[in-house]
>>> print(open('entry-v4.csv').read())   # CSV, C-alpha atoms
chain,number,residue,atom,x,y,z
A,1,MET,CA,-34.0,-33.4,14.6
A,2,PHE,CA,-35.0,-36.1,17.1
A,3,ALA,CA,-33.6,-39.1,15.2
A,4,THR,CA,-30.6,-39.5,17.4
A,5,LEU,CA,-32.8,-39.2,20.5
A,6,GLY,CA,-35.1,-42.1,19.7
A,7,LEU,CA,-37.9,-40.8,17.5
A,8,ASP,CA,-38.4,-42.4,14.0
A,9,PRO,CA,-38.8,-40.2,10.9
A,10,ALA,CA,-42.6,-40.8,10.7
A,11,THR,CA,-43.1,-39.6,14.3
A,12,GLU,CA,-40.9,-36.6,13.7
A,13,ALA,CA,-42.9,-35.7,10.6
A,14,VAL,CA,-46.1,-35.7,12.6
A,15,TYR,CA,-44.5,-33.5,15.3
A,16,ARG,CA,-43.3,-31.0,12.7
A,17,LEU,CA,-46.7,-30.8,11.1
A,18,MET,CA,-48.5,-30.3,14.5
A,19,ALA,CA,-45.9,-27.6,15.4
A,20,THR,CA,-46.5,-25.6,12.3
A,21,ARG,CA,-50.3,-26.1,11.6
A,22,PRO,CA,-53.2,-24.5,13.5
A,23,GLU,CA,-54.5,-26.5,16.4
A,24,GLY,CA,-57.5,-28.7,15.9
A,25,TRP,CA,-56.2,-31.0,13.2
A,26,GLY,CA,-57.4,-34.5,13.7
A,27,VAL,CA,-55.9,-37.9,12.7
A,28,GLU,CA,-57.6,-37.9,9.3
A,29,GLN,CA,-56.3,-34.4,8.4
A,30,ILE,CA,-52.8,-35.2,9.5
A,31,ALA,CA,-52.8,-38.6,7.6
A,32,THR,CA,-54.1,-36.9,4.4
A,33,HIS,CA,-51.5,-34.1,4.6
A,34,LEU,CA,-48.6,-36.5,5.1
A,35,GLY,CA,-50.0,-39.2,2.7
A,36,CYS,CA,-49.8,-42.0,5.2
A,37,GLU,CA,-52.2,-44.4,7.0
A,38,GLU,CA,-54.2,-43.2,10.0
A,39,SER,CA,-53.0,-46.1,12.0
A,40,ARG,CA,-49.4,-44.8,11.6
A,41,VAL,CA,-50.5,-41.3,12.7
A,42,ARG,CA,-52.1,-42.7,15.8
A,43,GLU,CA,-48.9,-44.7,16.7
A,44,ALA,CA,-46.9,-41.5,16.1
A,45,LEU,CA,-49.2,-39.5,18.4
A,46,ASP,CA,-48.9,-42.1,21.1
A,47,ARG,CA,-45.1,-41.9,20.9
A,48,LEU,CA,-45.2,-38.1,21.0
A,49,ALA,CA,-47.4,-38.2,24.1
A,50,GLN,CA,-45.1,-40.7,25.8
A,51,ALA,CA,-42.2,-38.4,25.1
A,52,SER,CA,-44.1,-35.4,26.6
A,53,LEU,CA,-44.0,-33.6,23.2
A,54,LEU,CA,-47.8,-33.1,23.2
A,55,ARG,CA,-50.0,-31.0,25.5
A,56,ARG,CA,-53.8,-30.9,25.7
A,57,SER,CA,-55.1,-27.9,23.7
A,58,ARG,CA,-57.0,-25.2,25.6
A,59,ALA,CA,-58.0,-23.4,22.5
A,60,VAL,CA,-59.7,-26.5,21.0
A,61,PRO,CA,-60.8,-28.8,23.8
A,62,GLY,CA,-60.4,-32.5,23.2
A,63,THR,CA,-57.4,-32.1,20.9
A,64,TRP,CA,-53.6,-31.9,21.3
A,65,ARG,CA,-51.0,-29.4,20.5
A,66,ALA,CA,-47.2,-29.8,20.0
A,67,VAL,CA,-44.8,-28.2,22.5
A,68,SER,CA,-42.4,-25.7,21.1
A,69,PRO,CA,-39.3,-27.1,19.4
A,70,GLU,CA,-37.0,-25.5,22.0
A,71,LEU,CA,-38.9,-27.2,24.8
A,72,GLY,CA,-39.2,-30.4,22.8
A,73,VAL,CA,-35.4,-30.7,22.4
A,74,GLN,CA,-34.8,-30.0,26.1
A,75,LEU,CA,-37.4,-32.7,27.1
A,76,MET,CA,-36.0,-35.3,24.7
A,77,LEU,CA,-32.4,-34.6,25.7
A,78,ARG,CA,-33.4,-34.9,29.4
A,79,ARG,CA,-35.2,-38.2,28.9
A,80,HIS,CA,-32.3,-39.5,26.8
A,81,GLN,CA,-29.8,-38.6,29.5
A,82,GLU,CA,-31.9,-40.2,32.2
A,83,GLU,CA,-32.1,-43.3,30.1
A,84,LEU,CA,-28.3,-43.3,29.6
A,85,ASP,CA,-27.8,-42.8,33.3
A,86,ARG,CA,-30.1,-45.7,34.1
A,87,ARG,CA,-28.3,-48.0,31.6
A,88,GLN,CA,-24.9,-46.9,32.9
A,89,ARG,CA,-25.9,-47.9,36.4
A,90,GLU,CA,-27.1,-51.3,35.1
A,91,ILE,CA,-23.8,-51.7,33.2
A,92,THR,CA,-21.8,-50.8,36.3
A,93,GLU,CA,-23.7,-53.3,38.4
A,94,SER,CA,-23.4,-56.0,35.7
A,95,HIS,CA,-19.7,-55.4,35.3
A,96,ALA,CA,-19.1,-55.8,39.0
A,97,ALA,CA,-21.0,-59.1,39.1
A,98,VAL,CA,-19.4,-60.4,35.9
A,99,SER,CA,-15.9,-59.4,37.2
A,100,ARG,CA,-16.4,-61.4,40.4
A,101,MET,CA,-17.7,-64.4,38.5
A,102,VAL,CA,-14.8,-64.4,35.9
A,103,SER,CA,-12.3,-64.0,38.7
A,104,GLU,CA,-13.7,-67.1,40.4
A,105,LEU,CA,-13.6,-69.0,37.2
A,106,ARG,CA,-10.0,-68.0,36.5
A,107,GLN,CA,-9.0,-69.4,40.0
A,108,GLY,CA,-10.6,-72.7,39.3
A,109,PRO,CA,-12.3,-75.0,41.9
A,110,ALA,CA,-11.3,-75.2,45.5
A,111,PRO,CA,-8.6,-77.9,46.2
A,112,ASP,CA,-11.1,-80.2,48.1
A,113,SER,CA,-14.0,-79.8,45.5
A,114,GLY,CA,-13.0,-83.0,43.7
A,115,ALA,CA,-13.1,-81.4,40.3
A,116,GLY,CA,-10.0,-81.9,38.2
A,117,PRO,CA,-8.2,-79.5,35.9
A,118,ASP,CA,-9.1,-79.4,32.2
A,119,THR,CA,-6.7,-80.4,29.4
A,120,ALA,CA,-5.5,-76.9,28.9
A,121,GLY,CA,-4.1,-76.4,32.3
A,122,GLY,CA,-5.9,-75.6,35.5
A,123,LEU,CA,-9.4,-74.4,35.0
A,124,ALA,CA,-12.5,-76.4,35.9
A,125,ALA,CA,-14.3,-78.2,33.2
A,126,GLY,CA,-16.1,-75.6,31.1
A,127,GLY,CA,-13.0,-73.4,30.9
A,128,GLU,CA,-9.6,-73.3,29.1
A,129,ARG,CA,-6.4,-71.3,29.4
A,130,LEU,CA,-4.7,-69.9,26.4
A,131,VAL,CA,-1.2,-68.8,27.5
A,132,GLY,CA,0.5,-66.1,25.4
A,133,ILE,CA,-0.6,-63.8,22.6
A,134,ASP,CA,0.3,-66.5,19.9
A,135,ALA,CA,-2.1,-69.0,21.5
A,136,VAL,CA,-4.9,-66.3,21.6
A,137,GLN,CA,-4.3,-65.4,18.0
A,138,ALA,CA,-4.4,-69.0,16.9
A,139,ARG,CA,-7.7,-69.4,18.7
A,140,LEU,CA,-9.1,-66.3,17.0
A,141,GLU,CA,-8.2,-67.6,13.6
A,142,LEU,CA,-10.0,-70.9,14.5
A,143,ILE,CA,-13.0,-68.9,15.6
A,144,ALA,CA,-13.1,-67.1,12.3
A,145,GLU,CA,-13.3,-70.5,10.5
A,146,GLN,CA,-15.8,-72.1,12.9
A,147,ALA,CA,-18.2,-69.4,14.2
A,148,GLU,CA,-21.7,-70.0,12.7
A,149,ALA,CA,-23.9,-67.1,13.7
A,150,GLU,CA,-22.5,-64.2,15.7
A,151,ILE,CA,-19.3,-62.7,17.1
A,152,CYS,CA,-19.7,-59.9,19.7
A,153,THR,CA,-16.6,-58.0,20.9
A,154,PHE,CA,-15.6,-55.4,23.5
A,155,MET,CA,-12.5,-53.6,22.2
A,156,PRO,CA,-11.1,-51.3,25.0
A,157,GLY,CA,-7.8,-49.7,25.0
A,158,GLY,CA,-8.4,-46.9,22.5
A,159,GLY,CA,-6.4,-46.9,19.3
A,160,GLN,CA,-5.1,-50.4,18.2
A,161,SER,CA,-1.7,-51.3,16.8
A,162,GLN,CA,-1.5,-51.8,13.0
A,163,ALA,CA,-0.6,-55.5,13.6
A,164,ALA,CA,-3.8,-56.0,15.7
A,165,ILE,CA,-5.9,-54.2,13.1
A,166,ASP,CA,-4.5,-56.2,10.2
A,167,ALA,CA,-5.2,-59.5,12.1
A,168,ALA,CA,-8.7,-58.4,13.1
A,169,ARG,CA,-9.6,-57.4,9.5
A,170,GLU,CA,-8.4,-60.7,8.1
A,171,ASN,CA,-10.5,-62.7,10.6
A,172,ASP,CA,-13.5,-60.4,10.2
A,173,ALA,CA,-13.4,-60.6,6.4
A,174,ARG,CA,-13.7,-64.4,6.6
A,175,LEU,CA,-16.6,-64.1,9.1
A,176,LEU,CA,-18.5,-61.6,7.1
A,177,ALA,CA,-18.0,-63.6,3.9
A,178,ARG,CA,-19.8,-66.5,5.6
A,179,GLY,CA,-22.7,-64.3,6.8
A,180,VAL,CA,-21.7,-64.2,10.4
A,181,ASP,CA,-23.0,-61.2,12.3
A,182,VAL,CA,-20.1,-59.2,13.7
A,183,ARG,CA,-20.7,-56.5,16.3
A,184,THR,CA,-18.0,-54.5,18.0
A,185,VAL,CA,-18.1,-51.9,20.8
A,186,CYS,CA,-15.0,-49.6,21.0
A,187,LEU,CA,-14.1,-46.6,23.1
A,188,ASP,CA,-15.2,-43.1,22.0
A,189,SER,CA,-11.5,-42.3,21.8
A,190,VAL,CA,-11.0,-44.4,18.6
A,191,ARG,CA,-12.9,-41.7,16.7
A,192,GLY,CA,-9.7,-39.7,16.9
A,193,ASN,CA,-7.4,-42.5,16.0
A,194,ARG,CA,-7.2,-42.7,12.2
A,195,PRO,CA,-6.0,-46.4,11.7
A,196,THR,CA,-8.6,-47.8,14.2
A,197,LEU,CA,-11.3,-45.6,12.9
A,198,GLY,CA,-10.5,-46.7,9.4
A,199,TYR,CA,-10.9,-50.4,10.5
A,200,ALA,CA,-14.2,-49.6,12.2
A,201,ARG,CA,-15.5,-47.9,9.0
A,202,TRP,CA,-14.3,-50.8,6.9
A,203,LEU,CA,-16.2,-53.2,9.2
A,204,THR,CA,-19.5,-51.2,9.0
A,205,ASP,CA,-19.1,-50.8,5.2
A,206,ASN,CA,-18.9,-54.6,4.9
A,207,GLY,CA,-22.0,-55.4,7.0
A,208,GLY,CA,-20.6,-55.4,10.5
A,209,GLY,CA,-21.8,-53.2,13.4
A,210,VAL,CA,-19.6,-50.7,15.4
A,211,ARG,CA,-20.6,-48.5,18.3
A,212,THR,CA,-18.7,-46.6,20.9
A,213,VAL,CA,-18.9,-45.8,24.6
A,214,PRO,CA,-16.7,-43.7,26.9
A,215,THR,CA,-15.4,-46.7,28.8
A,216,LEU,CA,-15.6,-50.5,28.6
A,217,PRO,CA,-15.6,-53.0,31.5
A,218,LEU,CA,-13.2,-55.6,30.0
A,219,ARG,CA,-11.9,-57.0,26.8
A,220,MET,CA,-14.1,-59.8,25.6
A,221,ILE,CA,-15.2,-61.9,22.6
A,222,LEU,CA,-18.5,-63.8,22.5
A,223,VAL,CA,-18.8,-66.6,20.0
A,224,ASP,CA,-22.3,-67.9,19.0
A,225,ARG,CA,-23.5,-67.2,22.6
A,226,ALA,CA,-21.8,-70.5,23.4
A,227,HIS,CA,-18.4,-69.5,24.7
A,228,ALA,CA,-16.4,-66.4,25.5
A,229,LEU,CA,-12.8,-65.2,25.6
A,230,VAL,CA,-11.7,-62.9,28.4
A,231,PRO,CA,-8.1,-61.9,29.4
A,232,LEU,CA,-6.2,-64.2,31.7
A,233,ASP,CA,-4.8,-61.0,33.3
A,234,PRO,CA,-6.9,-57.8,32.6
A,235,ALA,CA,-3.8,-55.7,33.3
A,236,ASP,CA,-1.8,-57.6,30.6
A,237,THR,CA,-3.9,-58.9,27.7
A,238,ARG,CA,-0.7,-60.3,26.1
A,239,ALA,CA,-0.4,-62.8,28.9
A,240,GLY,CA,-3.2,-64.9,27.4
A,241,ALA,CA,-6.9,-65.5,27.7
A,242,VAL,CA,-9.5,-67.7,29.4
A,243,VAL,CA,-12.1,-69.5,27.2
A,244,LEU,CA,-15.4,-69.9,29.2
A,245,ARG,CA,-18.0,-72.4,28.1
A,246,LEU,CA,-20.2,-72.5,31.3
A,247,ALA,CA,-23.7,-71.6,30.3
A,248,GLY,CA,-24.3,-69.2,33.2
A,249,ALA,CA,-21.0,-67.4,32.7
A,250,VAL,CA,-21.6,-66.9,29.0
A,251,ALA,CA,-25.2,-65.8,29.6
A,252,ALA,CA,-24.1,-63.1,32.0
A,253,LEU,CA,-21.4,-61.8,29.6
A,254,THR,CA,-24.0,-61.8,26.8
A,255,ALA,CA,-26.4,-59.8,28.9
A,256,LEU,CA,-23.6,-57.3,29.7
A,257,PHE,CA,-22.7,-57.0,26.0
A,258,GLU,CA,-26.3,-56.3,25.1
A,259,GLN,CA,-26.7,-53.6,27.8
A,260,VAL,CA,-23.5,-51.8,26.6
A,261,TRP,CA,-24.5,-52.2,22.9
A,262,GLU,CA,-27.9,-50.6,23.6
A,263,ALA,CA,-26.3,-47.6,25.4
A,264,ALA,CA,-23.5,-47.2,22.8
A,265,LEU,CA,-23.5,-44.7,20.0
A,266,PRO,CA,-23.4,-45.9,16.3
A,267,LEU,CA,-20.2,-44.9,14.6
A,268,GLY,CA,-21.8,-42.4,12.2
A,269,CYS,CA,-23.4,-40.4,14.9
A,270,ASP,CA,-21.8,-37.6,17.1
A,271,ARG,CA,-22.2,-38.0,20.8
A,272,PRO,CA,-24.2,-35.0,22.1
A,273,ARG,CA,-23.4,-32.9,25.1
A,274,ASP,CA,-25.6,-33.4,28.2
A,275,ALA,CA,-28.2,-30.7,28.0
A,276,SER,CA,-28.4,-30.1,31.7
A,277,THR,CA,-24.6,-30.0,32.4
A,278,GLY,CA,-23.0,-29.1,29.1
A,279,LEU,CA,-20.6,-32.1,29.6
A,280,MET,CA,-19.5,-34.5,26.9
A,281,PRO,CA,-19.9,-38.1,28.0
A,282,ALA,CA,-16.1,-38.6,28.1
A,283,GLU,CA,-15.8,-35.5,30.4
A,284,ARG,CA,-18.4,-36.9,32.8
A,285,GLU,CA,-16.8,-40.3,32.8
A,286,LEU,CA,-13.4,-38.8,33.6
A,287,LEU,CA,-14.9,-37.0,36.6
A,288,ARG,CA,-16.5,-40.2,37.7
A,289,LEU,CA,-13.3,-42.2,37.4
A,290,LEU,CA,-11.2,-39.7,39.2
A,291,SER,CA,-13.9,-39.4,42.0
A,292,ARG,CA,-13.5,-43.1,42.5
A,293,GLY,CA,-9.8,-42.6,43.3
A,294,LEU,CA,-8.2,-43.6,40.0
A,295,THR,CA,-5.0,-41.9,39.0
A,296,ASP,CA,-4.8,-39.8,35.9
A,297,GLU,CA,-2.9,-42.7,34.2
A,298,ALA,CA,-5.5,-45.3,35.2
A,299,ALA,CA,-8.3,-43.1,34.1
A,300,GLY,CA,-6.6,-42.5,30.7
A,301,HIS,CA,-6.2,-46.2,30.3
A,302,GLN,CA,-10.0,-46.7,30.9
A,303,LEU,CA,-10.9,-44.0,28.4
A,304,GLY,CA,-8.2,-45.0,25.9
A,305,VAL,CA,-6.5,-41.6,25.9
A,306,SER,CA,-3.1,-40.4,26.8
A,307,LEU,CA,-2.0,-39.0,30.2
A,308,SER,CA,-1.6,-35.6,28.6
A,309,THR,CA,-5.2,-35.7,27.3
A,310,VAL,CA,-6.5,-36.6,30.8
A,311,ARG,CA,-4.6,-33.7,32.4
A,312,ARG,CA,-5.6,-31.3,29.6
A,313,SER,CA,-9.3,-32.3,30.0
A,314,MET,CA,-9.2,-32.0,33.8
A,315,ALA,CA,-7.6,-28.6,33.6
A,316,ALA,CA,-10.4,-27.4,31.3
A,317,LEU,CA,-13.0,-28.8,33.7
A,318,MET,CA,-11.4,-27.1,36.7
A,319,GLU,CA,-11.5,-23.8,34.8
A,320,ARG,CA,-15.2,-24.3,33.9
A,321,LEU,CA,-15.9,-25.1,37.6
A,322,GLY,CA,-13.8,-22.2,38.9
A,323,ALA,CA,-11.8,-24.6,41.0
A,324,ARG,CA,-8.2,-24.1,42.1
A,325,SER,CA,-7.7,-27.8,43.1
A,326,ARG,CA,-8.8,-31.3,42.2
A,327,PHE,CA,-10.5,-31.5,45.6
A,328,GLU,CA,-12.4,-28.3,45.1
A,329,ALA,CA,-13.4,-29.4,41.6
A,330,GLY,CA,-14.8,-32.6,42.9
A,331,LEU,CA,-16.9,-30.7,45.4
A,332,ARG,CA,-18.2,-28.3,42.9
A,333,ALA,CA,-18.9,-31.0,40.3
A,334,ALA,CA,-21.0,-32.9,43.0
A,335,GLN,CA,-22.9,-29.7,43.9
A,336,ARG,CA,-23.8,-29.1,40.2
A,337,GLY,CA,-24.9,-32.7,39.8
A,338,TRP,CA,-22.1,-33.6,37.5
A,339,LEU,CA,-21.3,-36.7,39.5
>>> encode(input="entry-v4.csv", output="structure tokens")
Amino acid sequence: MFATLGLDPATEAVYRLMATRPEGWGVEQIATHLGCEESRVREALDRLAQASLLRRSRAVPGTWRAVSPELGVQLMLRRHQEELDRRQREITESHAAVSRMVSELRQGPAPDSGAGPDTAGGLAAGGERLVGIDAVQARLELIAEQAEAEICTFMPGGGQSQAAIDAARENDARLLARGVDVRTVCLDSVRGNRPTLGYARWLTDNGGGVRTVPTLPLRMILVDRAHALVPLDPADTRAGAVVLRLAGAVAALTALFEQVWEAALPLGCDRPRDASTGLMPAERELLRLLSRGLTDEAAGHQLGVSLSTVRRSMAALMERLGARSRFEAGLRAAQRGWL
């Protein structure tokens, strides 16, 4: 019941037992009934107390009782949503900082700085330009042969073309065969795109990791935590890429990836609705994007969905809010704490 909200099976087993047995059972009785060590029961009780799933018993002073399952679910969902909100704020802040840094690195050094361009055409030492999709693909093939430990990828844009999927699968197969750890974060929208979802399932079945989020900050590939590929032009990924090798830049991008990865949902899990608002994460993200002034088309691009899907979702949200206009919907969403 609580597995997707952060409680391990052993802790859930202790909770279930305490919720169905008379009050007053001690650690020894619980451990005997469950057939486990007392130390594990104590650890489980500590986790349950931290999650506010236990209350002090009035009937048997000095002991604890489990809260009702209904209240337990509400408490866990609330804590989970608060944690997701906190991580989303951190991701947004990190994204802004990383975007500024990458933009500065793309522009290269100031004319009077004394630093010369690198051999690939214009970036300061520690960076390299790859112009055109063919140059990027050639570098990805080289990465598949030379990466030693880890490849971490942000894959925005929703469903991918069959050509992109075929190329990615070929490269990933070589990486996985050599024991390289491959982790990819996609958009939630790929769950509805059969070819991309098939690739993601193939990757997980062969030892890789795939998780999804409502939106991603940028397209990115991290290689062995030593260098990173980001788009030369975020609005046109076919224009080429920037290879960054500066330790500070790579460390910042790595931290951003780990933040997003921790907040992302594993491929085999369904993303739950927010218990307090009834919103799906994609609906909440759509409201947030539109409240920032993005057009329907731009919001759809961020979410990896079509323009018609955005308009259909927004119409449904307006109906739930009882709003006759986008402006009124924004006001009512803010009043309800949806933004």
>>> residues_around(input="entry-v4.csv", residues="region 297-300 of chain A", least_positions_apart="5", cutoff="9 Å", atoms="all atoms listed in the file", output="short mmCIF file (atom, residue, chain, number, x, y, z; two decimals) with C-alpha atoms, in the coordinates of the input")
data_model
loop_
_atom_site.label_atom_id
_atom_site.label_comp_id
_atom_site.auth_asym_id
_atom_site.auth_seq_id
_atom_site.Cartn_x
_atom_site.Cartn_y
_atom_site.Cartn_z
CA LEU A 286 -13.40 -38.80 33.60
CA LEU A 289 -13.30 -42.20 37.40
CA LEU A 290 -11.20 -39.70 39.20
CA VAL A 305 -6.50 -41.60 25.90
CA SER A 306 -3.10 -40.40 26.80
CA LEU A 307 -2.00 -39.00 30.20
CA SER A 308 -1.60 -35.60 28.60
CA THR A 309 -5.20 -35.70 27.30
CA VAL A 310 -6.50 -36.60 30.80
#
>>> closest_residue(input="entry-v4.csv", among="A:Cys186, A:Leu175, A:Leu53, A:Ala252", to="Gln146 (chain A)", atoms="all atoms listed in the file")
A:Leu175
>>> atom_distance(input="entry-v4.csv", atom1="CA of Ala138 (chain A)", atom2="CA of Arg245 (chain A)")
17.9 Å
>>> atom_distance(input="entry-v4.csv", atom1="CA of Thr215 (chain A)", atom2="CA of Gly179 (chain A)")
29.1 Å
>>> atom_distance(input="entry-v4.csv", atom1="CA of Leu54 (chain A)", atom2="CA of Ala66 (chain A)")
4.6 Å
>>> residues_around(input="entry-v4.csv", residues="Leu229 (chain A)", least_positions_apart="6", cutoff="8 Å", atoms="only C-alpha atoms", output="list in words")
Met220, Ile221, Leu222, Ala241, Val242, Val243 and Leu244 of chain A
>>> residues_around(input="entry-v4.csv", residues="Arg55 (chain A)", least_positions_apart="3", cutoff="8 Å", atoms="all atoms listed in the file", output="list in words")
Ala49, Ser52, Trp64, Arg65, Ala66 and Val67 of chain A
>>> closest_residue(input="entry-v4.csv", among="A:Leu71, A:Cys36, A:Pro9, A:Arg78", to="Arg273 (chain A)", atoms="all atoms listed in the file")
A:Arg78
>>> closest_residue(input="entry-v4.csv", among="A:Gln160, A:Arg238, A:Arg183, A:Leu176", to="Gln137 (chain A)", atoms="only C-alpha atoms")
A:Arg238
>>> closest_residue(input="entry-v4.csv", among="A:His33, A:Arg86, A:Arg139, A:Arg194", to="Ala263 (chain A)", atoms="all atoms listed in the file")
A:Arg86
>>> build_atoms(input="entry-v4.csv", residues="region 38-58 of chain A", atoms="N, CA, C and O atoms", output="compact mmCIF listing (two decimals), in the coordinates of the input")
# COMPACT_ATOMS: atom_id res chain seq x y z
N GLU A 38 -53.83 -43.75 8.68
CA GLU A 38 -54.20 -43.20 10.00
C GLU A 38 -53.67 -43.97 11.13
O GLU A 38 -53.37 -43.39 12.19
N SER A 39 -53.52 -45.29 10.96
CA SER A 39 -53.00 -46.10 12.00
C SER A 39 -51.55 -45.66 12.39
O SER A 39 -51.16 -45.64 13.57
N ARG A 40 -50.77 -45.27 11.39
CA ARG A 40 -49.40 -44.80 11.60
C ARG A 40 -49.40 -43.47 12.35
O ARG A 40 -48.53 -43.19 13.18
N VAL A 41 -50.37 -42.61 12.00
CA VAL A 41 -50.50 -41.30 12.70
C VAL A 41 -50.81 -41.53 14.15
O VAL A 41 -50.24 -40.88 15.04
N ARG A 42 -51.74 -42.46 14.44
CA ARG A 42 -52.10 -42.70 15.80
C ARG A 42 -50.91 -43.26 16.62
O ARG A 42 -50.69 -42.89 17.78
N GLU A 43 -50.13 -44.14 16.00
CA GLU A 43 -48.90 -44.70 16.70
C GLU A 43 -47.94 -43.53 16.94
O GLU A 43 -47.34 -43.46 18.02
N ALA A 44 -47.79 -42.62 15.97
CA ALA A 44 -46.90 -41.50 16.10
C ALA A 44 -47.36 -40.58 17.27
O ALA A 44 -46.56 -40.11 18.09
N LEU A 45 -48.65 -40.34 17.33
CA LEU A 45 -49.20 -39.50 18.40
C LEU A 45 -49.00 -40.12 19.76
O LEU A 45 -48.70 -39.43 20.74
N ASP A 46 -49.15 -41.43 19.83
CA ASP A 46 -48.90 -42.10 21.10
C ASP A 46 -47.44 -41.95 21.53
O ASP A 46 -47.16 -41.70 22.72
N ARG A 47 -46.52 -42.09 20.59
CA ARG A 47 -45.10 -41.90 20.90
C ARG A 47 -44.79 -40.50 21.35
O ARG A 47 -44.00 -40.27 22.28
N LEU A 48 -45.40 -39.54 20.67
CA LEU A 48 -45.20 -38.10 21.00
C LEU A 48 -45.72 -37.83 22.43
O LEU A 48 -45.10 -37.09 23.20
N ALA A 49 -46.87 -38.41 22.75
CA ALA A 49 -47.40 -38.20 24.10
C ALA A 49 -46.55 -38.82 25.15
O ALA A 49 -46.31 -38.23 26.21
N GLN A 50 -46.04 -40.02 24.88
CA GLN A 50 -45.10 -40.70 25.80
C GLN A 50 -43.86 -39.89 26.04
O GLN A 50 -43.29 -39.89 27.13
N ALA A 51 -43.43 -39.19 25.00
CA ALA A 51 -42.20 -38.40 25.10
C ALA A 51 -42.48 -36.98 25.61
O ALA A 51 -41.57 -36.15 25.65
N SER A 52 -43.72 -36.71 26.03
CA SER A 52 -44.10 -35.40 26.60
C SER A 52 -43.97 -34.29 25.56
O SER A 52 -43.76 -33.12 25.92
N LEU A 53 -44.09 -34.62 24.28
CA LEU A 53 -44.00 -33.60 23.20
C LEU A 53 -45.35 -33.07 22.81
O LEU A 53 -45.44 -32.21 21.93
N LEU A 54 -46.42 -33.58 23.42
CA LEU A 54 -47.80 -33.10 23.20
C LEU A 54 -48.38 -32.57 24.46
O LEU A 54 -48.10 -33.08 25.55
N ARG A 55 -49.25 -31.56 24.35
CA ARG A 55 -50.00 -31.00 25.50
C ARG A 55 -51.47 -30.93 25.04
O ARG A 55 -51.77 -30.74 23.86
N ARG A 56 -52.38 -31.03 26.00
CA ARG A 56 -53.80 -30.90 25.70
C ARG A 56 -54.05 -29.40 25.29
O ARG A 56 -53.57 -28.48 25.93
N SER A 57 -54.79 -29.21 24.23
CA SER A 57 -55.10 -27.90 23.70
C SER A 57 -56.17 -27.21 24.58
O SER A 57 -57.19 -27.82 24.89
N ARG A 58 -55.92 -25.96 24.96
CA ARG A 58 -57.00 -25.20 25.60
C ARG A 58 -57.84 -24.45 24.64
O ARG A 58 -59.00 -24.16 24.92
